[in-house]
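Coordinates as given in structure.txt (compact mmCIF, C-alpha atoms and all ligand atoms):
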```txt
# COMPACT_ATOMS: atom_id res chain seq x y z
CA MET A 13 29.02 -24.15 -2.53
CA LEU A 14 25.36 -23.30 -2.94
CA SER A 15 24.37 -20.41 -5.18
CA ILE A 16 22.26 -17.62 -3.67
CA LYS A 17 19.13 -19.06 -5.27
CA GLU A 18 19.88 -22.57 -4.04
CA LYS A 19 20.64 -21.37 -0.50
CA ASP A 20 17.45 -19.28 -0.42
CA ASN A 21 15.35 -22.16 -1.71
CA LYS A 22 16.86 -24.51 0.85
CA TYR A 23 16.86 -22.32 3.95
CA ILE A 24 14.16 -19.67 3.58
CA THR A 25 10.66 -20.85 4.45
CA GLY A 26 8.91 -21.48 1.20
CA THR A 27 6.19 -18.84 1.31
CA TYR A 28 7.26 -16.92 -1.80
CA ASN A 29 7.30 -17.72 -5.49
CA ARG A 30 10.32 -15.75 -6.64
CA PHE A 31 11.34 -14.69 -10.12
CA PRO A 32 14.67 -16.31 -11.12
CA VAL A 33 16.65 -13.10 -10.52
CA VAL A 34 19.04 -12.11 -7.74
CA ILE A 35 19.08 -8.34 -7.36
CA THR A 36 22.47 -7.21 -6.10
CA HIS A 37 22.14 -3.44 -6.16
CA GLY A 38 20.27 -0.58 -7.76
CA LYS A 39 20.17 3.15 -8.34
CA GLY A 40 17.01 5.12 -9.01
CA ALA A 41 14.74 3.08 -11.27
CA ILE A 42 17.48 0.69 -12.36
CA ALA A 43 18.08 -2.66 -10.67
CA TYR A 44 21.11 -4.83 -11.39
CA GLY A 45 20.98 -8.61 -11.45
CA GLU A 46 23.70 -10.94 -10.23
CA ASP A 47 24.69 -11.61 -13.83
CA GLY A 48 25.14 -7.87 -14.48
CA LYS A 49 21.85 -7.55 -16.34
CA GLU A 50 20.06 -4.19 -16.01
CA TYR A 51 16.34 -3.95 -15.29
CA ILE A 52 14.03 -0.95 -15.38
CA ASP A 53 12.06 -1.22 -12.17
CA MET A 54 8.35 -0.77 -12.84
CA GLU A 55 7.20 -2.23 -9.50
CA SER A 56 9.51 -0.61 -6.89
CA GLY A 57 9.06 -3.38 -4.33
CA TYR A 58 5.24 -3.22 -4.46
CA GLY A 59 5.46 0.56 -4.45
CA THR A 60 7.83 0.75 -1.50
CA ASN A 61 10.94 2.28 -3.07
CA SER A 62 8.95 5.38 -3.93
CA PHE A 63 12.14 7.33 -4.72
CA GLY A 64 13.86 4.35 -6.32
CA PHE A 65 16.93 2.48 -5.15
CA CYS A 66 19.38 4.27 -2.87
CA ASP A 67 18.06 7.81 -3.38
CA ASP A 68 20.90 10.12 -2.28
CA GLU A 69 18.92 12.38 0.08
CA TRP A 70 17.07 9.49 1.70
CA LEU A 71 20.37 7.62 2.12
CA ALA A 72 21.99 10.65 3.75
CA ALA A 73 19.04 11.09 6.15
CA VAL A 74 19.03 7.42 7.11
CA THR A 75 22.78 7.09 7.58
CA ALA A 76 22.99 10.33 9.59
CA GLN A 77 20.31 9.00 11.94
CA LEU A 78 22.02 5.60 12.16
CA GLN A 79 25.06 7.33 13.56
CA LYS A 80 23.03 9.01 16.29
CA VAL A 81 20.38 6.59 17.63
CA GLN A 82 19.42 3.42 15.76
CA HIS A 83 16.67 2.38 18.18
CA THR A 84 15.23 3.11 21.59
CA SER A 85 12.27 1.54 23.30
CA ASN A 86 9.01 3.43 23.18
CA LEU A 87 9.64 4.39 26.81
CA TYR A 88 11.60 7.37 25.49
CA TYR A 89 11.00 10.23 23.10
CA THR A 90 12.94 10.58 19.84
CA GLU A 91 13.02 13.52 17.46
CA PRO A 92 12.43 11.72 14.11
CA ALA A 93 9.22 10.03 15.30
CA ALA A 94 7.83 13.28 16.77
CA ASP A 95 8.75 15.25 13.62
CA LEU A 96 7.25 12.65 11.28
CA ALA A 97 4.00 12.48 13.26
CA GLU A 98 3.74 16.29 13.20
CA MET A 99 4.40 16.37 9.46
CA LEU A 100 1.75 13.71 8.76
CA CYS A 101 -0.87 15.41 10.93
CA GLN A 102 -0.18 18.80 9.39
CA ARG A 103 -0.40 17.42 5.86
CA THR A 104 -3.57 15.37 6.42
CA GLY A 105 -5.48 17.15 9.19
CA MET A 106 -5.41 13.95 11.23
CA LYS A 107 -4.82 14.37 14.97
CA THR A 108 -2.32 11.67 15.92
CA ALA A 109 -0.25 8.89 14.35
CA PHE A 110 0.64 5.47 15.77
CA PHE A 111 3.80 4.00 14.26
CA ALA A 112 4.03 0.33 13.36
CA ASN A 113 6.41 -1.61 11.13
CA SER A 114 4.29 -2.70 8.19
CA GLY A 115 0.97 -2.17 6.47
CA GLY A 116 -0.53 -5.23 8.08
CA GLU A 117 0.42 -3.98 11.53
CA ALA A 118 -0.96 -0.52 10.82
CA ASN A 119 -4.25 -2.21 9.96
CA GLU A 120 -4.20 -4.36 13.11
CA CYS A 121 -3.98 -1.11 15.06
CA ALA A 122 -6.88 0.39 13.10
CA LEU A 123 -9.06 -2.70 13.60
CA LYS A 124 -8.39 -2.82 17.33
CA ALA A 125 -9.18 0.89 17.62
CA ALA A 126 -12.41 0.39 15.65
CA ARG A 127 -13.54 -2.38 17.98
CA LYS A 128 -12.74 -0.30 21.03
CA TYR A 129 -14.54 2.72 19.59
CA GLY A 130 -17.64 0.58 18.95
CA HIS A 131 -17.63 -0.90 22.44
CA THR A 132 -17.07 2.46 24.07
CA HIS A 133 -19.60 4.49 22.09
CA LYS A 134 -22.27 2.01 21.02
CA GLY A 135 -22.04 -0.97 23.38
CA ASP A 136 -20.54 -4.43 23.55
CA ASP A 137 -22.46 -5.72 20.53
CA CYS A 138 -20.90 -3.11 18.28
CA TYR A 139 -17.94 -4.91 16.78
CA THR A 140 -18.75 -5.74 13.16
CA ILE A 141 -16.29 -4.54 10.56
CA ILE A 142 -17.35 -4.32 6.93
CA SER A 143 -14.62 -4.81 4.37
CA MET A 144 -14.71 -5.26 0.60
CA LYS A 145 -14.40 -8.35 -1.55
CA ASN A 146 -11.05 -8.36 -3.38
CA SER A 147 -9.51 -6.13 -0.72
CA PHE A 148 -6.12 -6.84 0.79
CA HIS A 149 -5.19 -5.64 4.25
CA GLY A 150 -2.33 -7.86 5.45
CA ARG A 151 -1.39 -11.23 6.88
CA GLY A 152 -1.92 -11.07 10.65
CA PHE A 153 -5.15 -12.65 11.87
CA GLY A 154 -7.12 -9.40 12.04
CA ALA A 155 -5.83 -8.02 8.76
CA VAL A 156 -6.12 -11.32 6.90
CA THR A 157 -9.70 -11.66 8.11
CA ALA A 158 -10.40 -8.14 6.86
CA THR A 159 -8.88 -9.17 3.53
CA GLY A 160 -11.66 -9.99 1.10
CA ILE A 161 -9.78 -12.59 -0.94
CA GLU A 162 -10.99 -16.08 -0.08
CA SER A 163 -7.81 -17.86 -1.09
CA ASP A 164 -5.94 -15.89 1.59
CA HIS A 165 -8.28 -17.35 4.23
CA ARG A 166 -8.13 -20.97 3.16
CA GLY A 167 -6.48 -23.26 5.68
CA PHE A 168 -6.36 -20.67 8.46
CA GLU A 169 -9.91 -20.93 9.76
CA PRO A 170 -11.41 -20.14 12.15
CA LEU A 171 -10.74 -16.50 11.41
CA VAL A 172 -11.53 -13.55 13.67
CA PRO A 173 -15.31 -13.26 14.18
CA GLY A 174 -17.24 -10.13 13.27
CA PHE A 175 -16.10 -9.42 9.72
CA VAL A 176 -18.47 -9.19 6.74
CA TYR A 177 -17.72 -8.49 3.08
CA ALA A 178 -19.43 -6.15 0.63
CA ASP A 179 -18.93 -5.77 -3.11
CA PHE A 180 -16.49 -3.01 -3.96
CA ASN A 181 -18.19 -0.11 -5.78
CA ASP A 182 -21.68 -1.49 -5.00
CA ILE A 183 -23.16 0.74 -2.30
CA ASP A 184 -26.32 -1.36 -1.96
CA SER A 185 -24.24 -4.35 -0.95
CA VAL A 186 -22.72 -2.21 1.83
CA LYS A 187 -26.13 -0.93 2.95
CA GLN A 188 -27.38 -4.49 3.29
CA LEU A 189 -24.61 -5.24 5.79
CA VAL A 190 -24.91 -2.11 7.91
CA SER A 191 -26.53 -2.27 11.28
CA ASP A 192 -26.35 1.11 12.99
CA ASN A 193 -25.61 -0.28 16.43
CA LYS A 194 -23.53 -3.31 15.45
CA THR A 195 -21.24 -1.94 12.76
CA ALA A 196 -18.09 -0.42 14.22
CA ALA A 197 -16.20 0.40 11.02
CA ILE A 198 -15.85 0.09 7.27
CA ILE A 199 -12.34 -0.56 5.96
CA VAL A 200 -11.59 0.15 2.33
CA GLU A 201 -8.81 0.80 -0.19
CA CYS A 202 -9.47 3.74 -2.53
CA VAL A 203 -7.63 1.77 -5.19
CA GLN A 204 -7.56 -1.96 -4.52
CA GLY A 205 -4.00 -3.12 -5.17
CA GLU A 206 -3.63 -6.87 -4.72
CA GLY A 207 -7.27 -7.37 -5.69
CA GLY A 208 -6.65 -6.02 -9.20
CA VAL A 209 -5.99 -2.23 -9.32
CA ASN A 210 -9.69 -1.41 -8.99
CA VAL A 211 -10.41 2.29 -8.54
CA MET A 212 -13.22 3.42 -6.24
CA THR A 213 -15.97 5.34 -8.02
CA PRO A 214 -16.95 8.81 -6.71
CA GLU A 215 -20.53 7.54 -6.23
CA PHE A 216 -19.34 4.70 -4.03
CA ALA A 217 -17.13 7.08 -2.05
CA ALA A 218 -20.03 9.47 -1.46
CA GLY A 219 -22.26 6.57 -0.42
CA LEU A 220 -19.68 5.23 2.04
CA GLN A 221 -19.16 8.65 3.56
CA LYS A 222 -22.90 9.09 4.07
CA ILE A 223 -23.39 5.64 5.63
CA CYS A 224 -20.53 6.28 8.05
CA SER A 225 -21.71 9.77 9.01
CA ASP A 226 -25.37 8.75 9.40
CA ASN A 227 -24.60 5.71 11.56
CA ASP A 228 -21.56 6.79 13.60
CA ILE A 229 -19.44 4.19 11.83
CA LEU A 230 -15.68 4.73 11.53
CA LEU A 231 -14.33 4.97 8.01
CA ILE A 232 -10.88 3.40 7.71
CA CYS A 233 -8.96 4.12 4.50
CA ASP A 234 -6.17 1.64 3.87
CA GLU A 235 -3.61 3.72 1.98
CA VAL A 236 -0.81 1.20 2.36
CA GLN A 237 -0.37 0.76 -1.38
CA CYS A 238 -2.28 3.68 -2.90
CA GLY A 239 -0.95 6.32 -0.49
CA ASN A 240 2.13 8.52 -0.31
CA GLY A 241 1.93 10.18 -3.70
CA ARG A 242 1.32 6.96 -5.60
CA THR A 243 -1.97 8.12 -7.14
CA GLY A 244 -0.93 11.72 -7.75
CA THR A 245 -2.17 13.19 -4.47
CA LEU A 246 -0.54 12.59 -1.11
CA TYR A 247 -3.36 10.20 -0.21
CA ALA A 248 -5.87 8.77 -2.66
CA TYR A 249 -8.90 9.52 -0.45
CA GLU A 250 -8.33 13.24 -1.15
CA GLN A 251 -9.36 12.70 -4.78
CA LEU A 252 -12.59 10.98 -3.74
CA GLY A 253 -13.74 13.61 -1.27
CA LEU A 254 -13.56 11.14 1.63
CA HIS A 255 -13.03 12.20 5.23
CA PRO A 256 -11.71 9.04 6.87
CA ASP A 257 -11.62 8.69 10.64
CA ILE A 258 -8.59 6.40 10.42
CA VAL A 259 -5.94 6.23 7.72
CA THR A 260 -3.39 3.46 7.54
CA THR A 261 -0.29 3.56 5.40
CA ALA A 262 3.14 1.94 4.95
CA LYS A 263 5.20 0.91 1.88
CA GLY A 264 6.06 4.11 -0.03
CA ILE A 265 6.30 6.38 2.99
CA GLY A 266 9.43 4.57 4.17
CA GLY A 267 11.26 4.72 0.87
CA GLY A 268 12.43 1.15 1.49
CA LEU A 269 12.69 0.80 5.26
CA PRO A 270 9.93 -0.93 7.24
CA ILE A 271 7.40 1.48 8.68
CA GLY A 272 3.63 1.48 9.07
CA VAL A 273 1.38 4.29 10.27
CA CYS A 274 -2.15 4.34 11.65
CA MET A 275 -3.46 7.92 11.77
CA PHE A 276 -6.46 8.95 13.83
CA GLY A 277 -8.81 11.81 12.99
CA GLU A 278 -10.86 13.86 15.46
CA LYS A 279 -13.53 11.21 16.06
CA ALA A 280 -11.26 8.21 16.61
CA ASP A 281 -8.40 9.97 18.34
CA GLY A 282 -8.09 9.13 22.02
CA THR A 283 -9.69 5.71 21.56
CA LEU A 284 -6.44 3.90 22.27
CA VAL A 285 -4.87 4.73 25.63
CA PRO A 286 -1.63 3.58 27.34
CA GLY A 287 -1.47 -0.20 27.44
CA ASP A 288 -3.98 -0.73 24.62
CA HIS A 289 -1.44 -1.17 21.85
CA GLY A 290 2.28 -1.00 21.13
CA THR A 291 5.24 -2.44 19.30
CA THR A 292 8.96 -2.64 19.99
CA PHE A 293 10.16 -1.23 16.68
CA GLY A 294 7.30 1.17 15.94
CA GLY A 295 8.60 4.70 15.41
CA ASN A 296 12.12 3.45 14.82
CA PRO A 297 14.21 6.62 14.43
CA VAL A 298 16.06 5.42 11.32
CA ALA A 299 12.86 4.46 9.51
CA CYS A 300 11.25 7.76 10.61
CA ALA A 301 14.24 9.83 9.43
CA GLY A 302 13.95 8.14 6.03
CA ALA A 303 10.20 8.77 5.91
CA ILE A 304 10.71 12.47 6.73
CA SER A 305 13.12 12.71 3.80
CA ILE A 306 10.50 11.14 1.50
CA LEU A 307 7.42 12.96 2.77
CA SER A 308 9.05 16.39 2.88
CA ARG A 309 9.80 16.17 -0.85
CA MET A 310 6.27 15.11 -1.84
CA ASP A 311 5.06 18.66 -2.36
CA GLU A 312 2.51 19.91 -4.91
CA VAL A 313 5.14 20.20 -7.67
CA PHE A 314 6.20 16.60 -7.07
CA LEU A 315 2.60 15.34 -7.04
CA ALA A 316 1.79 17.22 -10.26
CA ASP A 317 4.76 15.47 -11.84
CA VAL A 318 3.36 12.08 -10.77
CA ARG A 319 0.11 13.00 -12.53
CA ARG A 320 2.03 14.08 -15.64
CA LYS A 321 3.91 10.77 -15.74
CA SER A 322 0.62 8.94 -15.25
CA LYS A 323 -0.64 10.51 -18.46
CA ILE A 324 2.47 9.29 -20.28
CA VAL A 325 1.64 5.75 -19.15
CA PHE A 326 -2.06 5.89 -20.07
CA ASP A 327 -1.30 7.53 -23.45
CA ALA A 328 1.29 4.87 -24.27
CA LEU A 329 -0.90 1.92 -23.35
CA GLU A 330 -4.52 2.77 -24.06
CA GLY A 331 -5.76 1.46 -27.38
CA THR A 332 -2.54 -0.39 -28.19
CA PRO A 333 -2.55 -3.99 -29.45
CA GLY A 334 -2.90 -6.54 -26.68
CA VAL A 335 -4.57 -4.10 -24.28
CA ALA A 336 -8.27 -4.41 -23.49
CA ARG A 337 -8.29 -1.62 -20.89
CA VAL A 338 -5.99 0.33 -18.62
CA ASP A 339 -7.16 0.83 -15.02
CA GLY A 340 -5.60 2.81 -12.23
CA LEU A 341 -4.78 6.20 -10.85
CA GLY A 342 -1.49 8.09 -10.93
CA LEU A 343 1.37 5.63 -11.09
CA MET A 344 -0.69 2.70 -9.82
CA ILE A 345 -1.65 1.03 -13.08
CA GLY A 346 -3.41 -2.21 -14.02
CA ILE A 347 -3.28 -3.30 -17.65
CA VAL A 348 -6.09 -5.65 -18.69
CA PRO A 349 -4.49 -7.82 -21.38
CA SER A 350 -6.52 -8.99 -24.35
CA GLU A 351 -4.13 -11.46 -25.98
CA LYS A 352 -2.11 -13.24 -23.32
CA PRO A 353 -2.34 -14.05 -19.60
CA ALA A 354 -0.84 -11.34 -17.39
CA GLY A 355 1.67 -13.76 -15.86
CA GLU A 356 3.10 -14.59 -19.27
CA ILE A 357 3.50 -10.90 -20.10
CA VAL A 358 5.26 -10.21 -16.79
CA ASN A 359 7.72 -13.05 -17.45
CA GLU A 360 8.44 -11.75 -20.96
CA CYS A 361 9.02 -8.26 -19.57
CA LEU A 362 11.51 -9.69 -17.11
CA GLU A 363 13.36 -11.43 -19.94
CA LYS A 364 13.52 -8.11 -21.79
CA GLY A 365 14.72 -6.16 -18.75
CA VAL A 366 11.58 -4.69 -17.14
CA LEU A 367 10.34 -5.59 -13.66
CA CYS A 368 6.56 -5.58 -13.27
CA ILE A 369 4.02 -7.72 -11.41
CA THR A 370 0.47 -9.03 -11.65
CA ALA A 371 -2.63 -8.02 -9.69
CA GLY A 372 -5.90 -9.83 -9.13
CA SER A 373 -6.45 -13.52 -9.48
CA GLY A 374 -7.51 -16.23 -11.88
CA GLY A 375 -8.34 -15.36 -15.47
CA SER A 376 -8.92 -11.69 -14.61
CA GLN A 377 -5.33 -10.92 -13.70
CA LYS A 378 -3.85 -7.61 -14.78
CA VAL A 379 -0.28 -6.49 -15.35
CA ARG A 380 0.44 -4.12 -12.48
CA LEU A 381 2.85 -1.20 -12.76
CA LEU A 382 4.09 0.65 -9.67
CA PRO A 383 7.24 2.43 -10.87
CA PRO A 384 9.28 4.59 -8.53
CA LEU A 385 7.63 8.02 -8.54
CA THR A 386 11.00 9.53 -9.46
CA ILE A 387 11.51 7.42 -12.59
CA THR A 388 12.84 9.61 -15.42
CA ASP A 389 10.74 10.19 -18.55
CA GLU A 390 13.39 8.42 -20.61
CA GLN A 391 13.31 5.31 -18.40
CA LEU A 392 9.51 5.35 -18.33
CA VAL A 393 9.19 5.60 -22.11
CA LYS A 394 11.76 2.84 -22.63
CA ALA A 395 10.00 0.54 -20.14
CA LEU A 396 6.64 1.20 -21.78
CA GLU A 397 8.05 0.34 -25.20
CA ILE A 398 9.25 -3.00 -23.85
CA ILE A 399 5.95 -3.67 -22.08
CA ARG A 400 4.03 -2.89 -25.30
CA SER A 401 6.21 -5.33 -27.20
CA CYS A 402 5.31 -8.05 -24.70
CA LEU A 403 1.55 -7.38 -24.67
CA ALA A 404 0.66 -8.26 -28.25
N1 LIG A 501 -2.86 -3.08 2.84
C1 LIG A 501 -2.67 -3.00 1.52
C2 LIG A 501 -3.63 -2.19 0.70
C3 LIG A 501 -1.59 -3.65 0.92
O1 LIG A 501 -1.42 -3.57 -0.41
C4 LIG A 501 -0.71 -4.39 1.73
C5 LIG A 501 0.43 -5.12 1.14
O2 LIG A 501 0.49 -5.41 -0.02
C6 LIG A 501 -0.96 -4.45 3.11
C7 LIG A 501 -2.02 -3.78 3.62
C8 LIG A 501 -0.04 -5.23 4.01
O3 LIG A 501 1.17 -4.55 4.14
P1 LIG A 501 2.47 -5.32 4.67
O4 LIG A 501 2.84 -6.32 3.64
O5 LIG A 501 3.48 -4.22 4.84
O6 LIG A 501 2.08 -5.93 5.97
```
Spit out the file's structure as structure tokens when you get a sec.
Ligand code: PLP
Amino acid sequence: MLSIKEKDNKYITGTYNRFPVVITHGKGAIAYGEDGKEYIDMESGYGTNSFGFCDDEWLAAVTAQLQKVQHTSNLYYTEPAADLAEMLCQRTGMKTAFFANSGGEANECALKAARKYGHTHKGDDCYTIISMKNSFHGRGFGAVTATGIESDHRGFEPLVPGFVYADFNDIDSVKQLVSDNKTAAIIVECVQGEGGVNVMTPEFAAGLQKICSDNDILLICDEVQCGNGRTGTLYAYEQLGLHPDIVTTAKGIGGGLPIGVCMFGEKADGTLVPGDHGTTFGGNPVACAGAISILSRMDEVFLADVRRKSKIVFDALEGTPGVARVDGLGLMIGIVPSEKPAGEIVNECLEKGVLCITAGSGGSQKVRLLPPLTITDEQLVKALEIIRSCLA
């Protein structure tokens, strides 16, 4: 009989490089391997299990909904989707929310809406979308084209026309690409995740906001990884004084079930009309019930606690042997190693019972930490001790 690893390697399409661990179950910030080994989870499924494994309240909300309606087509109304949309709009000031199933899909919705907005308001030539180098927006053709990482494009050309790439945190490079009647939108992460945990500067944010306002260009904030409390505010754009016209999110809002959201502010709302966009599973009542459980507990007290834990991480890592610099915001952290390659450190951490990942590419890779936001201080301190021991 094949082992789980052998079966996976044989039958699952080989698009992932997996660590040699089978995770069988988990609770909170602790994951258990097939061999009974315990791991402190410092990556939470790329920031998806925001309340850790099998959080009791989330589990109760999801299972209660499963026993009522697990799915209906979008021809009918359901309570969880309506409640979640209301909650998101009230918390953000956005006007409406489109539900998708992933971050990539949320971005496809945003990109389509941006194109339609450009065509409707500024003419058929208005379709260019500016994105940033080192950004990551997903794997579908629109989102992968928006992604500013060349290696993600290789082999899939021709990509979608009408995308151009600026340097993150370099406002002049954005200005050079702007054409007031051809640029439909700028899409940006406030903290680039896959591209290396790069935090947007306030100057860049102010510059982007001005360019968008002056030229009637939609500002799309991709909060798929940096949103939902991850950086210590509900959405990271709040800390940068941005007023996005479209916000996309996914990952952490679902607490572990697939959900994506594309929210429209005043200016962009109403762009998409019946027939323009849709998805079978979008707004799935079980995923929405789980997201309500997560979002309703991310109040100011909770967010302040994320910021407090962030300080624990920065204090423990900054200036310690093997660390050149610590980047990030809240509990989205990128450690720039000075002694060893990030990949080697991540593997050592795994050996010693801590799950973490890398960010960025080539020689400039960082060790990325995205712990569950509910990790206890004791677990956090223990994980940081192990990480420190692997850095030097
Ligand atoms: N946008 C950002 C900023 C992401 O980090 C990701 C995934 O890592 C995506 C979009 C794509 O999300 P998904 O993998 O759910 O399609």
Inset, instruction - Check the smallest atom-to-atom distance from each of A:Glu120, A:Asp192, A:Glu360, A:Glu330 to ligand LIG 501 (chain A) using all atoms listed in the file, then report the winner. - result: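 Going through A:Glu120, A:Asp192, A:Glu360, A:Glu330 one by one, the smallest distance to ligand LIG 501 (chain A) is for A:Glu120.
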Inset, instruction - Can you work out which one of A:Val259, A:Cys202, A:Ala118, A:Ala43 has the shortest atom-to-atom distance to Met106 in chain A, counting only C-alpha atoms? - result: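 Under the stated criterion, the closest residue is A:Val259.
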Inset, instruction - Please indicate the distance in Å from CA of Glu162 in chain A to CA of Asn29 in chain A, rounded to one decimal place. - result: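 Going from CA of Glu162 in chain A over to CA of Asn29 in chain A, I get 19.1 Å.
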Legend entry - Expected answer as a list in words: residues within 6 Å of ligand LIG 501 (chain A), only C-alpha atoms and all ligand atoms: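 Those residues are Ser114, Gly115, Gly116, Phe148, His149, Gly150, Gly205, Glu206, Asp234, Val236 and Gln237 of chain A.
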Legend entry - All residues 6 Å or closer to range 346-357 of chain A, only C-alpha atoms, same chain fewer than 4 positions away omitted, as a list in words: Val209, Gly334, Val335, Ala336, Arg337, Val338, Asp339, Gly340, Gln377, Lys378, Val379, Arg380 and Cys402 of chain A
Legend entry - Pick from A:Ile35, A:Thr370, A:Cys101, A:Asn193 nearest to Glu278 in chain A, counting only C-alpha atoms: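 Smallest distance to Glu278 in chain A is found for A:Cys101.
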Inset, instruction - For Asp20 in chain A, work out the shell of residues within 12 Å, counting all atoms listed in the file and skipping chain neighbours fewer than 6 positions away, then give it as a list of chain:residue names. - result: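 Skipping anything fewer than 6 positions along the chain leaves A:Leu14, A:Gly26, A:Thr27, A:Tyr28, A:Asn29, A:Arg30, A:Pro32, A:Val33, A:Val34.
Look at everything within 10 Å of (-6.1, 12.0, -5.7) using all atoms listed in the file, and the residues you get are A:Cys202, A:Cys238, A:Gly239, A:Gly241, A:Arg242, A:Thr243, A:Gly244, A:Thr245, A:Leu246, A:Tyr247, A:Ala248, A:Tyr249, A:Glu250, A:Gln251, A:Leu252, A:Gly253, A:Leu315, A:Arg319, A:Leu341, A:Gly342.
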Legend entry - Which residue of A:Met212, A:Leu96, A:Leu269, A:Ile142 approaches Val186 in chain A most closely, using all atoms listed in the file: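 Of A:Met212, A:Leu96, A:Leu269, A:Ile142, the one nearest Val186 in chain A is A:Ile142, counting all atoms listed in the file.
For the pair CA of Asn61 in chain A and CA of Ala97 in chain A, the interatomic distance is 20.5 Å.
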Legend entry - Pairwise distance for CA of Leu220 in chain A and CA of Thr195 in chain A, rounded to one decimal in Å: 13.0 Å
